[in-house]
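Visitor: First the structure, which I've put down as structure tokens, then a few questions once you've had a look.
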Protein chains: 2
Amino acid sequence: MRLFAHVAALCMLVMASSPLLAQQDPLPSWNDVASKRAIVAFVDRVTRVGSPDLVPPAERIATFDNDGTLWLEQPYYVQLAFVIDRIKALAASHPEWRTEQPFAAILANDLAQLRGNVGEPELMKMLAATHAGMTTDEFSATVTDWITTARHPMKDKLYTELVYQPMLELLAYLRTNGFKTYIVSGGGIEFMRPWAERVYGVPPEQVIGSSLKLELQVRDGQPVLLKLPAVDLIDDKAGKPVGIQRSIGRRPLMAFGNSDGDLEMLQWTTAGAGPRFALLVHHTDAEREWAYDRDSRIGELDRAWDEALAHGWTVVDMKSDWRTLFP
Amino acid sequence: MRLFAHVAALCMLVMASSPLLAQQDPLPSWNDVASKRAIVAFVDRVTRVGSPDLVPPAERIATFDNDGTLWLEQPYYVQLAFVIDRIKALAASHPEWRTEQPFAAILANDLAQLRGNVGEPELMKMLAATHAGMTTDEFSATVTDWITTARHPMKDKLYTELVYQPMLELLAYLRTNGFKTYIVSGGGIEFMRPWAERVYGVPPEQVIGSSLKLELQVRDGQPVLLKLPAVDLIDDKAGKPVGIQRSIGRRPLMAFGNSDGDLEMLQWTTAGAGPRFALLVHHTDAEREWAYDRDSRIGELDRAWDEALAHGWTVVDMKSDWRTLFP
């Protein structure tokens, strides 16, 4: 083995020290601003050989919120667009929906009526009608069909084209530096898994999200997993550290979010021993996207912003920090 | 980048084709038997470049049961030994346990009484007393203390010395071939995570097990995750495919178990499209370990054995297939 080990070590050395690699900016869509410098400085601090704060690769966990952090979330969550489209597609076999709320409002395209009257029971009805009563494989196929054809109502693009290019670069940059990148989203886990690997480079086992309970059944002699109309985990707010512990079992080294729904994840992350990094994306770009924070119905950034200011967390000013928004 | 790419490609080629690697037997503790040949043939089939059944590395998922598959489970589950030791350690602050079952039987070392009288309510009492009401960090520290000192009642060894050497080699062999190795156990997820990386090379995020519900709380201004006395998942039997879907989101390519508790995991695995592999460890070695199957109270192997015979799954005869048992 000795000769082989020498050859391998030499190869590693050649690859690691290549000046061609070092010259490339791994975050070209970020302007040369404080947020970018904070990210690069932190990654250097925890990954550079010889750094007193070097963290072993196994412990380099980075968690990313999805809606508003990796892709846009306005004028309403992408998953709500999916729910609305599914209800319309299924309406023919549900004549009762024409008079039953919230279905009637959706079928009449009456979003104002919908907005004013959707509480938790209505949301559960919508989820049960569109996310439950089918197998995980069936749901995955439905999502794949939808995500490859549905278009954003105002941008006229596929939703997967409305992911943030600077964050794609950041995901890749962290992985190059030995990080495992996770999604930790209030959105549905089975709604993200079918396309997260292709779009974000995040495999299904590194997607954490809200979920319904599953039940093993046998159909035509084959085992299937049925999605039940019962919540298993709401992976939002205080549920995010729970989801992280359930699936990862270690505390993230870096966490990225954009709203009050991410506050507990960022607190959980930064409460860990040693160096930790927390970042919030502040939506300030009304021209290229949307500008919203403290008073927004979707993606409210209020308490988390105060905490960021109090603790010196990194805040991205989308308008001035990001050179390019979408790929 | 072109020069760098050439150098890197050359290095990969040198490493991949090294005859020094090929000469080593990756499974030296396995005799040259059918089970070993079946494993090696399957791994070759799904990993060899040019194989018509080549599976991309991202989909190479292997799941392992723990009790009776990776370490011993007789004369009773290791986690039960932990529960008993914890109840004894906590008894001083619980005088009421002296008359309350199942605690009284445990404190009196009356295992016969315990065995005859432990149903689900008693088990939940024992779990609540020893696994709940503390933070995940506190529980992890308790497990680490215990696992590094407690000894098997008959073998007089640390439990982590009673893992199966052939399975350690198998885990490493699969990882060398691009597999992600997971534990999928009926045992407690937080009971395995503190030592699974050190002993099995399986990081916390690749440990799936039974779990209690968690709740985020703030103590002294710091967020903690409290283990509640309420079951979140029983990762056994029909719960194993559920646990796999929850945490991995893809079907395993290979699955390894030893008892009826693993049947649904093996069925779920082999029901996937393309080549799949299922293996059962049959405990036949009364001399070096224990011999048990259809009538055993612990690790019963009955229906799963019939299924293995019917479907041609690989069955390891521990006595004749394994040259070495423990490291």
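By order in the structure tokens, chains are A, B, ...; within a chain, residues start at 1; ligands start at 1, following the order shown.
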Taking only C-alpha atoms into account, report as a PyMOL selection string which residues of chain A lie within 6 Å of chain B.

Guide: chain A and resi 11+204-205+216+238+247-249

Visitor: I need the residues in region 196-299 of chain B that are helix (DSSP H, G or I) according to DSSP; give them as a list in words.

Guide: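 Residues meeting the helix (DSSP H, G or I) criterion: Ala196, Glu197, Arg198, Val199, Tyr200, Pro204, Glu205, Gln206, Gly239, Lys240, Pro241, Val242, Gly243, Ile244, Gln245, Arg246, Ser247, Asp260, Gly261, Asp262, Leu263, Glu264, Met265, Leu266, Gln267, Trp268, Thr269 and Thr270 of chain B.
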
Visitor: I need the strand (DSSP E) residues of region 109-308 of chain B per DSSP on the backbone, written as a VMD selection string.

Guide: chain B and resid 180 to 188 207 to 219 222 to 233 254 to 257 277 to 284 291 to 292

Visitor: Produce the least-squares-superposed copy of chain B, fitted on chain A over all in-order C-alpha pairs, as an mmCIF file with C-alpha atoms, in the first residue's frame.

Guide:
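The file below, result_9.cif, is the result:
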data_model
loop_
_atom_site.group_PDB
_atom_site.id
_atom_site.type_symbol
_atom_site.label_atom_id
_atom_site.label_comp_id
_atom_site.auth_asym_id
_atom_site.auth_seq_id
_atom_site.Cartn_x
_atom_site.Cartn_y
_atom_site.Cartn_z
ATOM 1 C CA MET B 1 0.340 -0.098 0.329
ATOM 2 C CA ARG B 2 3.192 2.313 0.999
ATOM 3 C CA LEU B 3 3.833 3.251 -2.631
ATOM 4 C CA PHE B 4 0.129 3.716 -3.256
ATOM 5 C CA ALA B 5 -0.211 5.907 -0.173
ATOM 6 C CA HIS B 6 2.614 8.125 -1.397
ATOM 7 C CA VAL B 7 1.066 8.506 -4.831
ATOM 8 C CA ALA B 8 -2.314 9.309 -3.312
ATOM 9 C CA ALA B 9 -0.825 11.859 -0.910
ATOM 10 C CA LEU B 10 1.033 13.516 -3.757
ATOM 11 C CA CYS B 11 -2.146 13.727 -5.811
ATOM 12 C CA MET B 12 -4.068 15.244 -2.902
ATOM 13 C CA LEU B 13 -1.326 17.823 -2.492
ATOM 14 C CA VAL B 14 -1.376 18.712 -6.187
ATOM 15 C CA MET B 15 -5.132 19.085 -6.156
ATOM 16 C CA ALA B 16 -5.311 21.054 -2.914
ATOM 17 C CA SER B 17 -2.596 23.516 -3.862
ATOM 18 C CA SER B 18 -3.604 24.177 -7.451
ATOM 19 C CA PRO B 19 -3.350 27.947 -8.008
ATOM 20 C CA LEU B 20 -5.898 27.601 -10.801
ATOM 21 C CA LEU B 21 -8.566 26.784 -8.237
ATOM 22 C CA ALA B 22 -7.654 29.591 -5.885
ATOM 23 C CA GLN B 23 -7.947 32.219 -8.608
ATOM 24 C CA GLN B 24 -11.625 31.625 -9.269
ATOM 25 C CA ASP B 25 -14.183 33.638 -7.332
ATOM 26 C CA PRO B 26 -16.594 30.982 -6.006
ATOM 27 C CA LEU B 27 -19.319 33.605 -5.442
ATOM 28 C CA PRO B 28 -19.342 35.707 -8.644
ATOM 29 C CA SER B 29 -22.965 36.830 -8.250
ATOM 30 C CA TRP B 30 -22.170 38.481 -4.939
ATOM 31 C CA ASN B 31 -20.846 42.023 -4.931
ATOM 32 C CA ASP B 32 -17.729 42.589 -2.849
ATOM 33 C CA VAL B 33 -19.727 43.469 0.251
ATOM 34 C CA ALA B 34 -19.641 42.784 3.979
ATOM 35 C CA SER B 35 -21.989 39.771 3.807
ATOM 36 C CA LYS B 36 -19.831 38.021 1.213
ATOM 37 C CA ARG B 37 -16.643 38.800 3.120
ATOM 38 C CA ALA B 38 -18.204 37.462 6.343
ATOM 39 C CA ILE B 39 -19.105 34.167 4.643
ATOM 40 C CA VAL B 40 -15.680 33.706 3.099
ATOM 41 C CA ALA B 41 -13.890 34.646 6.333
ATOM 42 C CA PHE B 42 -15.969 32.180 8.339
ATOM 43 C CA VAL B 43 -15.450 29.335 5.878
ATOM 44 C CA ASP B 44 -11.721 30.033 5.891
ATOM 45 C CA ARG B 45 -11.696 30.070 9.686
ATOM 46 C CA VAL B 46 -13.326 26.651 10.070
ATOM 47 C CA THR B 47 -11.730 24.868 7.078
ATOM 48 C CA ARG B 48 -8.166 26.178 6.678
ATOM 49 C CA VAL B 49 -5.563 23.649 7.779
ATOM 50 C CA GLY B 50 -3.755 25.171 10.718
ATOM 51 C CA SER B 51 -6.637 27.400 11.775
ATOM 52 C CA PRO B 52 -7.180 27.228 15.555
ATOM 53 C CA ASP B 53 -10.932 26.969 14.824
ATOM 54 C CA LEU B 54 -10.646 24.168 12.258
ATOM 55 C CA VAL B 55 -13.783 22.007 12.262
ATOM 56 C CA PRO B 56 -13.586 18.373 11.048
ATOM 57 C CA PRO B 57 -15.448 17.830 7.749
ATOM 58 C CA ALA B 58 -17.944 15.489 9.435
ATOM 59 C CA GLU B 59 -19.195 18.405 11.558
ATOM 60 C CA ARG B 60 -19.512 20.890 8.715
ATOM 61 C CA ILE B 61 -23.291 21.046 8.535
ATOM 62 C CA ALA B 62 -25.005 23.982 6.810
ATOM 63 C CA THR B 63 -28.802 24.355 6.886
ATOM 64 C CA PHE B 64 -30.817 26.485 4.483
ATOM 65 C CA ASP B 65 -34.399 27.599 4.680
ATOM 66 C CA ASN B 66 -36.040 27.293 1.246
ATOM 67 C CA ASP B 67 -38.926 29.779 0.714
ATOM 68 C CA GLY B 68 -37.458 33.279 0.479
ATOM 69 C CA THR B 69 -33.931 32.006 1.098
ATOM 70 C CA LEU B 70 -33.204 29.712 -1.848
ATOM 71 C CA TRP B 71 -36.133 30.673 -4.103
ATOM 72 C CA LEU B 72 -38.788 33.346 -4.121
ATOM 73 C CA GLU B 73 -41.886 33.202 -1.964
ATOM 74 C CA GLN B 74 -43.992 36.069 -3.371
ATOM 75 C CA PRO B 75 -46.775 36.856 -4.071
ATOM 76 C CA TYR B 76 -47.495 33.592 -2.196
ATOM 77 C CA TYR B 77 -45.597 30.415 -1.350
ATOM 78 C CA VAL B 78 -44.895 28.230 -4.378
ATOM 79 C CA GLN B 79 -46.447 25.271 -2.593
ATOM 80 C CA LEU B 80 -49.720 27.200 -2.323
ATOM 81 C CA ALA B 81 -49.691 27.602 -6.109
ATOM 82 C CA PHE B 82 -49.273 23.824 -6.310
ATOM 83 C CA VAL B 83 -52.188 23.280 -3.908
ATOM 84 C CA ILE B 84 -54.411 25.606 -5.924
ATOM 85 C CA ASP B 85 -53.503 23.929 -9.208
ATOM 86 C CA ARG B 86 -54.093 20.493 -7.713
ATOM 87 C CA ILE B 87 -57.499 21.468 -6.353
ATOM 88 C CA LYS B 88 -58.493 22.741 -9.783
ATOM 89 C CA ALA B 89 -57.206 19.549 -11.398
ATOM 90 C CA LEU B 90 -59.116 17.358 -8.945
ATOM 91 C CA ALA B 91 -62.354 19.417 -8.915
ATOM 92 C CA ALA B 92 -64.089 17.354 -11.597
ATOM 93 C CA SER B 93 -64.245 14.376 -9.257
ATOM 94 C CA HIS B 94 -65.279 16.539 -6.289
ATOM 95 C CA PRO B 95 -68.561 18.290 -7.206
ATOM 96 C CA GLU B 96 -69.104 19.070 -3.511
ATOM 97 C CA TRP B 97 -66.166 21.498 -3.632
ATOM 98 C CA ARG B 98 -68.248 23.980 -5.645
ATOM 99 C CA THR B 99 -70.003 24.991 -2.420
ATOM 100 C CA GLU B 100 -67.470 23.970 0.210
ATOM 101 C CA GLN B 101 -64.833 26.422 1.464
ATOM 102 C CA PRO B 102 -61.996 26.893 0.961
ATOM 103 C CA PHE B 103 -62.395 24.910 -2.275
ATOM 104 C CA ALA B 104 -65.167 27.119 -3.697
ATOM 105 C CA ALA B 105 -63.017 30.254 -3.342
ATOM 106 C CA ILE B 106 -60.090 28.543 -5.043
ATOM 107 C CA LEU B 107 -62.204 27.267 -7.917
ATOM 108 C CA ALA B 108 -63.640 30.781 -8.370
ATOM 109 C CA ASN B 109 -60.126 32.270 -8.335
ATOM 110 C CA ASP B 110 -61.312 34.403 -5.427
ATOM 111 C CA LEU B 111 -57.976 34.866 -3.686
ATOM 112 C CA ALA B 112 -59.273 37.757 -1.564
ATOM 113 C CA GLN B 113 -62.000 35.516 -0.136
ATOM 114 C CA LEU B 114 -59.435 32.761 0.344
ATOM 115 C CA ARG B 115 -56.966 35.003 2.153
ATOM 116 C CA GLY B 116 -59.552 36.273 4.597
ATOM 117 C CA ASN B 117 -60.901 32.849 5.472
ATOM 118 C CA VAL B 118 -58.067 30.394 5.666
ATOM 119 C CA GLY B 119 -57.295 29.275 9.177
ATOM 120 C CA GLU B 120 -55.734 26.040 10.296
ATOM 121 C CA PRO B 121 -58.808 23.836 9.611
ATOM 122 C CA GLU B 122 -59.065 25.140 6.034
ATOM 123 C CA LEU B 123 -55.343 24.636 5.478
ATOM 124 C CA MET B 124 -55.612 21.058 6.733
ATOM 125 C CA LYS B 125 -58.532 20.487 4.354
ATOM 126 C CA MET B 126 -56.465 21.772 1.459
ATOM 127 C CA LEU B 127 -53.473 19.677 2.482
ATOM 128 C CA ALA B 128 -55.573 16.558 2.974
ATOM 129 C CA ALA B 129 -57.159 16.999 -0.435
ATOM 130 C CA THR B 130 -53.884 17.525 -2.287
ATOM 131 C CA HIS B 131 -51.107 15.908 -0.234
ATOM 132 C CA ALA B 132 -52.738 12.897 1.454
ATOM 133 C CA GLY B 133 -54.569 9.759 0.380
ATOM 134 C CA MET B 134 -51.890 8.808 -2.125
ATOM 135 C CA THR B 135 -48.586 6.972 -1.970
ATOM 136 C CA THR B 136 -45.259 8.765 -1.670
ATOM 137 C CA ASP B 137 -44.386 7.569 -5.184
ATOM 138 C CA GLU B 138 -47.635 8.924 -6.633
ATOM 139 C CA PHE B 139 -47.172 12.256 -4.888
ATOM 140 C CA SER B 140 -43.588 12.500 -6.087
ATOM 141 C CA ALA B 141 -44.698 11.916 -9.693
ATOM 142 C CA THR B 142 -47.406 14.585 -9.351
ATOM 143 C CA VAL B 143 -44.910 17.128 -8.016
ATOM 144 C CA THR B 144 -42.431 16.326 -10.774
ATOM 145 C CA ASP B 145 -45.101 16.869 -13.436
ATOM 146 C CA TRP B 146 -46.153 20.161 -11.892
ATOM 147 C CA ILE B 147 -42.739 21.645 -11.168
ATOM 148 C CA THR B 148 -41.550 21.049 -14.731
ATOM 149 C CA THR B 149 -44.526 22.861 -16.265
ATOM 150 C CA ALA B 150 -46.142 25.355 -13.833
ATOM 151 C CA ARG B 151 -45.082 28.979 -14.228
ATOM 152 C CA HIS B 152 -44.882 31.850 -11.762
ATOM 153 C CA PRO B 153 -48.004 34.063 -12.136
ATOM 154 C CA MET B 154 -46.045 37.308 -12.596
ATOM 155 C CA LYS B 155 -42.555 36.322 -13.712
ATOM 156 C CA ASP B 156 -43.729 33.871 -16.366
ATOM 157 C CA LYS B 157 -40.903 31.486 -15.567
ATOM 158 C CA LEU B 158 -40.699 28.000 -14.160
ATOM 159 C CA TYR B 159 -40.433 28.165 -10.387
ATOM 160 C CA THR B 160 -37.128 26.334 -10.547
ATOM 161 C CA GLU B 161 -35.815 29.233 -12.652
ATOM 162 C CA LEU B 162 -36.689 31.577 -9.786
ATOM 163 C CA VAL B 163 -34.051 30.270 -7.410
ATOM 164 C CA TYR B 164 -31.404 32.719 -6.260
ATOM 165 C CA GLN B 165 -28.183 32.404 -8.232
ATOM 166 C CA PRO B 166 -26.053 33.778 -5.350
ATOM 167 C CA MET B 167 -27.418 31.057 -3.082
ATOM 168 C CA LEU B 168 -26.745 28.341 -5.678
ATOM 169 C CA GLU B 169 -23.146 29.545 -5.709
ATOM 170 C CA LEU B 170 -23.083 29.562 -1.913
ATOM 171 C CA LEU B 171 -24.386 25.970 -1.730
ATOM 172 C CA ALA B 172 -21.705 24.814 -4.175
ATOM 173 C CA TYR B 173 -18.997 26.834 -2.410
ATOM 174 C CA LEU B 174 -19.818 25.240 0.943
ATOM 175 C CA ARG B 175 -19.878 21.736 -0.533
ATOM 176 C CA THR B 176 -16.489 22.371 -2.150
ATOM 177 C CA ASN B 177 -15.284 23.202 1.357
ATOM 178 C CA GLY B 178 -16.490 19.911 2.792
ATOM 179 C CA PHE B 179 -19.886 21.022 4.072
ATOM 180 C CA LYS B 180 -23.003 18.905 3.917
ATOM 181 C CA THR B 181 -25.753 21.264 2.753
ATOM 182 C CA TYR B 182 -29.270 20.686 4.071
ATOM 183 C CA ILE B 183 -32.623 22.270 3.342
ATOM 184 C CA VAL B 184 -34.672 22.902 6.500
ATOM 185 C CA SER B 185 -37.971 24.323 5.331
ATOM 186 C CA GLY B 186 -41.482 24.903 6.593
ATOM 187 C CA GLY B 187 -42.535 23.625 3.173
ATOM 188 C CA GLY B 188 -43.408 19.994 2.563
ATOM 189 C CA ILE B 189 -40.513 17.548 2.565
ATOM 190 C CA GLU B 190 -42.066 15.451 -0.216
ATOM 191 C CA PHE B 191 -42.797 18.612 -2.209
ATOM 192 C CA MET B 192 -39.096 19.539 -2.327
ATOM 193 C CA ARG B 193 -37.361 16.191 -2.642
ATOM 194 C CA PRO B 194 -38.354 15.411 -6.257
ATOM 195 C CA TRP B 195 -36.393 18.402 -7.638
ATOM 196 C CA ALA B 196 -34.009 19.602 -4.882
ATOM 197 C CA GLU B 197 -31.152 17.425 -6.118
ATOM 198 C CA ARG B 198 -31.419 18.625 -9.706
ATOM 199 C CA VAL B 199 -31.914 22.300 -8.836
ATOM 200 C CA TYR B 200 -29.899 22.780 -5.633
ATOM 201 C CA GLY B 201 -27.609 19.754 -5.613
ATOM 202 C CA VAL B 202 -29.243 18.708 -2.337
ATOM 203 C CA PRO B 203 -30.130 14.984 -2.267
ATOM 204 C CA PRO B 204 -33.447 13.749 -0.770
ATOM 205 C CA GLU B 205 -31.767 12.595 2.441
ATOM 206 C CA GLN B 206 -30.613 16.176 3.064
ATOM 207 C CA VAL B 207 -34.065 17.695 2.693
ATOM 208 C CA ILE B 208 -35.940 18.357 5.941
ATOM 209 C CA GLY B 209 -39.441 19.787 5.868
ATOM 210 C CA SER B 210 -42.969 19.613 7.153
ATOM 211 C CA SER B 211 -44.530 16.208 6.753
ATOM 212 C CA LEU B 212 -47.647 14.129 7.041
ATOM 213 C CA LYS B 213 -47.687 10.800 8.816
ATOM 214 C CA LEU B 214 -46.954 7.771 6.650
ATOM 215 C CA GLU B 215 -48.399 4.278 6.783
ATOM 216 C CA LEU B 216 -47.053 1.120 5.195
ATOM 217 C CA GLN B 217 -49.707 -0.717 3.202
ATOM 218 C CA VAL B 218 -49.684 -3.537 0.691
ATOM 219 C CA ARG B 219 -51.269 -2.929 -2.726
ATOM 220 C CA ASP B 220 -51.334 -5.633 -5.366
ATOM 221 C CA GLY B 221 -48.808 -7.520 -3.301
ATOM 222 C CA GLN B 222 -46.374 -4.585 -3.227
ATOM 223 C CA PRO B 223 -45.563 -2.415 -0.193
ATOM 224 C CA VAL B 224 -46.435 1.264 -0.548
ATOM 225 C CA LEU B 225 -46.208 4.212 1.828
ATOM 226 C CA LEU B 226 -49.494 6.049 2.100
ATOM 227 C CA LYS B 227 -49.551 9.739 3.034
ATOM 228 C CA LEU B 228 -52.135 10.142 5.799
ATOM 229 C CA PRO B 229 -54.179 13.306 6.440
ATOM 230 C CA ALA B 230 -52.398 13.876 9.766
ATOM 231 C CA VAL B 231 -49.449 16.151 10.492
ATOM 232 C CA ASP B 232 -46.189 14.479 11.466
ATOM 233 C CA LEU B 233 -43.980 17.579 11.808
ATOM 234 C CA ILE B 234 -44.419 21.300 11.211
ATOM 235 C CA ASP B 235 -40.838 22.160 10.375
ATOM 236 C CA ASP B 236 -41.138 25.867 11.072
ATOM 237 C CA LYS B 237 -40.156 28.151 13.953
ATOM 238 C CA ALA B 238 -39.583 25.944 17.049
ATOM 239 C CA GLY B 239 -40.096 22.933 14.784
ATOM 240 C CA LYS B 240 -36.880 23.605 12.833
ATOM 241 C CA PRO B 241 -34.456 22.608 15.607
ATOM 242 C CA VAL B 242 -36.674 19.550 16.155
ATOM 243 C CA GLY B 243 -36.476 18.648 12.465
ATOM 244 C CA ILE B 244 -32.703 19.184 12.510
ATOM 245 C CA GLN B 245 -32.237 16.923 15.530
ATOM 246 C CA ARG B 246 -34.562 14.258 14.136
ATOM 247 C CA SER B 247 -32.765 13.996 10.808
ATOM 248 C CA ILE B 248 -29.219 15.220 11.399
ATOM 249 C CA GLY B 249 -28.540 14.724 15.089
ATOM 250 C CA ARG B 250 -25.888 17.413 15.185
ATOM 251 C CA ARG B 251 -26.058 21.140 15.424
ATOM 252 C CA PRO B 252 -25.399 23.098 12.230
ATOM 253 C CA LEU B 253 -22.205 25.100 11.916
ATOM 254 C CA MET B 254 -23.912 27.587 9.592
ATOM 255 C CA ALA B 255 -27.591 28.433 9.109
ATOM 256 C CA PHE B 256 -29.316 30.591 6.508
ATOM 257 C CA GLY B 257 -32.828 32.015 6.557
ATOM 258 C CA ASN B 258 -34.888 35.063 5.702
ATOM 259 C CA SER B 259 -37.807 35.317 8.105
ATOM 260 C CA ASP B 260 -39.072 34.926 11.645
ATOM 261 C CA GLY B 261 -39.811 31.302 10.786
ATOM 262 C CA ASP B 262 -36.049 30.773 10.772
ATOM 263 C CA LEU B 263 -35.306 32.492 14.084
ATOM 264 C CA GLU B 264 -35.216 29.354 16.224
ATOM 265 C CA MET B 265 -32.976 27.568 13.701
ATOM 266 C CA LEU B 266 -30.510 30.455 13.811
ATOM 267 C CA GLN B 267 -30.648 30.606 17.613
ATOM 268 C CA TRP B 268 -30.154 26.839 17.881
ATOM 269 C CA THR B 269 -27.193 27.054 15.507
ATOM 270 C CA THR B 270 -25.433 29.984 17.151
ATOM 271 C CA ALA B 271 -25.967 28.563 20.666
ATOM 272 C CA GLY B 272 -23.544 25.754 19.777
ATOM 273 C CA ALA B 273 -19.986 25.736 21.111
ATOM 274 C CA GLY B 274 -17.195 27.245 19.024
ATOM 275 C CA PRO B 275 -17.576 29.350 15.903
ATOM 276 C CA ARG B 276 -21.050 29.453 14.361
ATOM 277 C CA PHE B 277 -22.531 31.478 11.544
ATOM 278 C CA ALA B 278 -26.050 32.823 11.012
ATOM 279 C CA LEU B 279 -27.294 34.754 8.003
ATOM 280 C CA LEU B 280 -30.580 36.378 7.025
ATOM 281 C CA VAL B 281 -31.551 37.359 3.501
ATOM 282 C CA HIS B 282 -33.356 40.718 3.627
ATOM 283 C CA HIS B 283 -35.673 41.199 0.670
ATOM 284 C CA THR B 284 -34.952 44.802 -0.339
ATOM 285 C CA ASP B 285 -35.235 44.563 -4.083
ATOM 286 C CA ALA B 286 -38.650 45.742 -5.240
ATOM 287 C CA GLU B 287 -37.394 46.068 -8.785
ATOM 288 C CA ARG B 288 -35.924 42.640 -9.464
ATOM 289 C CA GLU B 289 -38.106 40.891 -6.906
ATOM 290 C CA TRP B 290 -40.046 42.122 -3.850
ATOM 291 C CA ALA B 291 -39.194 44.357 -0.908
ATOM 292 C CA TYR B 292 -40.703 43.271 2.407
ATOM 293 C CA ASP B 293 -39.860 42.693 6.039
ATOM 294 C CA ARG B 294 -41.598 43.613 9.310
ATOM 295 C CA ASP B 295 -45.183 43.865 8.081
ATOM 296 C CA SER B 296 -45.257 41.183 5.424
ATOM 297 C CA ARG B 297 -47.920 38.470 5.562
ATOM 298 C CA ILE B 298 -45.478 36.142 3.874
ATOM 299 C CA GLY B 299 -41.881 35.942 5.016
ATOM 300 C CA GLU B 300 -42.279 38.390 7.893
ATOM 301 C CA LEU B 301 -38.841 39.529 9.072
ATOM 302 C CA ASP B 302 -39.254 41.253 12.405
ATOM 303 C CA ARG B 303 -38.034 39.537 15.570
ATOM 304 C CA ALA B 304 -35.336 37.657 13.667
ATOM 305 C CA TRP B 305 -34.056 40.955 12.254
ATOM 306 C CA ASP B 306 -33.835 42.438 15.746
ATOM 307 C CA GLU B 307 -31.943 39.358 16.905
ATOM 308 C CA ALA B 308 -29.586 39.621 13.941
ATOM 309 C CA LEU B 309 -28.822 43.239 14.806
ATOM 310 C CA ALA B 310 -28.374 42.414 18.501
ATOM 311 C CA HIS B 311 -26.026 39.469 17.890
ATOM 312 C CA GLY B 312 -24.160 40.632 14.822
ATOM 313 C CA TRP B 313 -25.545 37.982 12.500
ATOM 314 C CA THR B 314 -24.901 38.595 8.832
ATOM 315 C CA VAL B 315 -27.730 40.268 6.934
ATOM 316 C CA VAL B 316 -27.807 40.241 3.140
ATOM 317 C CA ASP B 317 -29.234 43.364 1.539
ATOM 318 C CA MET B 318 -30.549 41.671 -1.559
ATOM 319 C CA LYS B 319 -30.626 44.813 -3.675
ATOM 320 C CA SER B 320 -27.080 45.938 -3.062
ATOM 321 C CA ASP B 321 -25.355 42.638 -2.201
ATOM 322 C CA TRP B 322 -26.493 40.482 -5.088
ATOM 323 C CA ARG B 323 -25.249 41.307 -8.581
ATOM 324 C CA THR B 324 -27.450 38.695 -10.215
ATOM 325 C CA LEU B 325 -30.709 37.430 -8.773
ATOM 326 C CA PHE B 326 -31.868 34.541 -10.933
ATOM 327 C CA PRO B 327 -29.770 32.110 -12.991
#
